[in-house]
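Engineer: The following block contains the structure, expressed as structure tokens.
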Amino acid sequence: MSVNVVWFRRDLRLSDNPALYSATQNHRPVIPLFILDEHTDNAGAAFKWRLGLSIENLSLDLKRYNSKLILRKGNPLNVLRELKSSFGDLSIFWNRLYDENSVKRDTEIKSYFEPQGVSVTSTEGMLLHSPWKTQTNSGSYYKVFTPFWRALSKLKVKQIVPKPTKFIQPLKWPESDDLSEWKLDKQIDRGKEYLIETVHVGEERAKISLNNFLHQRLKNYAQARDRVDLTESSTLSENLAYGEISSREIWHSAVGQKDVDFDKKEIFIRQLAWRDFAWYLSYYSPHILRKNWKSEWDHFPWRENEDELNSWKRGLTGQPIVDAGMREMYVTGRMHNRVRMIVASYLTKHLLLDWRHGLKWFEDCLIDWDPASNAMGWQWVAGSGPDASPFFRVFNPELQSKKFDPESKYQMKYLGLSFKRTPESDKFYKMVPKSWNIGEKSRPSISIVDLKFGRDRALNSYSKFKKIIADK
DNA sequence: TGAAATGTTGGGGCG
DNA sequence: ACGCCCCAACATTTC
């Protein structure tokens, strides 16, 4: 029997899923497949926990079409070889990924199967445009966002493909793991009840979020998106991380929104382009994910201080907006983008600790963890990345709070006990494990590093660093 | 997708 | 009326 295997990866959706769509177009049985491979298994705790929900949701969606998501753990090549031997004949479909590990793995799988006459179809489903669609006039890749954006916005974003209406079932389903065997639901010990309330799982929820955003908040987005005390952002990063909605669908829906001026929409769709840019950079310079993109930053004199790092992680720095952000992330798996910049600046400038500590903690905590965006963001703040913020651009957390949390509502919500109690903060605190020990007494009342001292120390280190690299 | 230090301007108070 | 000072309110420079 000949079947079409659709290998789901970062595209856990039925709509605008080109791989799935192609596989349903030729009247052969479709086998939806998800593989927990070593890379996925090495992801952060919150991501894996949330991934479990996404897989569960996709399984249910497929069930409505009398189809079934087959779950396998292990090396993808081996899994696919095994399927090949049990079905005799199969075709493989997937949407491309652009990080180095995935590209390497996928290339190997392709070159293993194609000589055997097994067709492998890889389609574009993850980004607005694949990285090779935009390059500079000199044939190199863009390293600065603005010219990248200019080039990208000249391209036409592909129309989305519809949700398949019919899945042909195989005569016999292959073996599948039970999701509970993977223990993804056991990944985190914190505030699950709170998380369950705050996550938006699956493509149906994603579409609702999108529509709410387009009708209620898009028109204010340009001016209000930085307000950390309001929910003015789209909240779609969570869904994009698992591919529960496609970037192209968001793009088309936003651009098609009639009652909003184009320049206002543009601010929003630029954010989608930032996501493309992050993967674009990861594609052309894979080391951005783990190493200083600018190698001279290997000589930067970061401090090492385990205690201060831990204070930062647990929201015990004594700097209200920093602590609020870190606690928001630890318990909800999310953090307002503006606050991400503030806490990142505090870690890398005021505490002068290596950005990679922050990168790893975000990776462990964020349910919207995106390896490319996370790395680009951290390197942007630290100053080591392409198109990076100059190192001397130091956020003053107090000024930032005044501007973007003018009534301290955001800080109250997440600091409750040690700041000011509100019903919302009480609810939040019920979800915080006692083992955290972040009650009122344990949180310092002032920043563990004086803001002016920290800023000056960072600037001094930066000039020392510049001297070091000038002498090389 | 900064902030602080420094520079400039212009209105108002005052002798 | 004028110069002088003060000091917001911007603007520019520097880190």
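In the structure tokens, chains take letters A, B, ... by order of appearance, with residues numbered from 1 within each chain and ligands from 1 in the order shown.
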Need the shell around region 372-380 of chain A: protein/DNA/RNA residues with any atom at most 8 Å away, counting only C-alpha atoms (C1' of nucleotides). Skip same-chain ones fewer than 2 positions apart. Format as a PyMOL selection string?

Structural biologist: chain A and resi 274-275+278-279+281-282+288-290+292-293+344+355-356+358-359+362-363+369-370+382-389

Engineer: Just need the residues of chain A within 12 Å of chain B, counting only C-alpha atoms (C1' of nucleotides), so spit them out as a PyMOL selection string.

Structural biologist: chain A and resi 225-226+267+271+274+337-342+345+377+380-381+388-400+451-452+455-456

Engineer: Which parts of region 293-356 of chain A does DSSP call alpha helix (DSSP H) when run on the backbone here, written out as an MDAnalysis selection string?

Structural biologist: chainID A and resid 306:314 320:332 337:345 355:356

Engineer: So the first atom is CA of Ser237 (chain A) and the second is CA of Ile250 (chain A); what is the distance between them in Å, to one decimal place?

Structural biologist: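 Value for the CA of Ser237 (chain A)-CA of Ile250 (chain A) distance: 11.1 Å.
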
Engineer: Given only C-alpha atoms as the basis, pick out the residue of A:Phe87, A:Phe404, A:Trp94, A:Phe277 nearest to Leu20 (chain A).

Structural biologist: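 Ranking A:Phe87, A:Phe404, A:Trp94, A:Phe277 by distance to Leu20 (chain A), first place goes to A:Trp94.
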
Engineer: Can you tell me, as a list in words, which residues in region 60-179 of chain A count as strand (DSSP E) by DSSP?

Structural biologist: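 Answer for region 60-179 of chain A, restricted to strand (DSSP E): Ile70, Leu71, Arg72, Lys73, Asp89, Leu90, Ser91, Ile92, Phe93, Trp94, Asn95, Val120, Thr121, Ser122 and Thr123 of chain A.
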
Engineer: Can you pull out every residue within 8 Å of Val118 (chain A), counting only C-alpha atoms (C1' of nucleotides), but drop anything in the same chain fewer than 5 positions away, and send it as a PyMOL selection string?

Structural biologist: chain A and resi 89-92+113

Engineer: Only C-alpha atoms, please: the residues just picked out, written as a short mmCIF file (atom, residue, chain, number, x, y, z; two decimals), in the first residue's frame.

Structural biologist:
data_model
loop_
_atom_site.label_atom_id
_atom_site.label_comp_id
_atom_site.auth_asym_id
_atom_site.auth_seq_id
_atom_site.Cartn_x
_atom_site.Cartn_y
_atom_site.Cartn_z
CA ASP A 89 5.80 2.39 -0.49
CA LEU A 90 5.48 5.90 0.85
CA SER A 91 5.93 9.55 0.04
CA ILE A 92 7.10 12.01 2.64
CA PHE A 113 15.25 8.18 0.53
#

Engineer: One decimal, Å: what's the distance from CA of Pro444 (chain A) over to CA of Ala46 (chain A), could you say?

Structural biologist: 27.1 Å

Engineer: Restricting the calculation to only C-alpha atoms: of A:Gly325, A:Pro115, A:Gly202, A:Pro147, which residue gets closest to Val228 (chain A)?

Structural biologist: A:Gly325
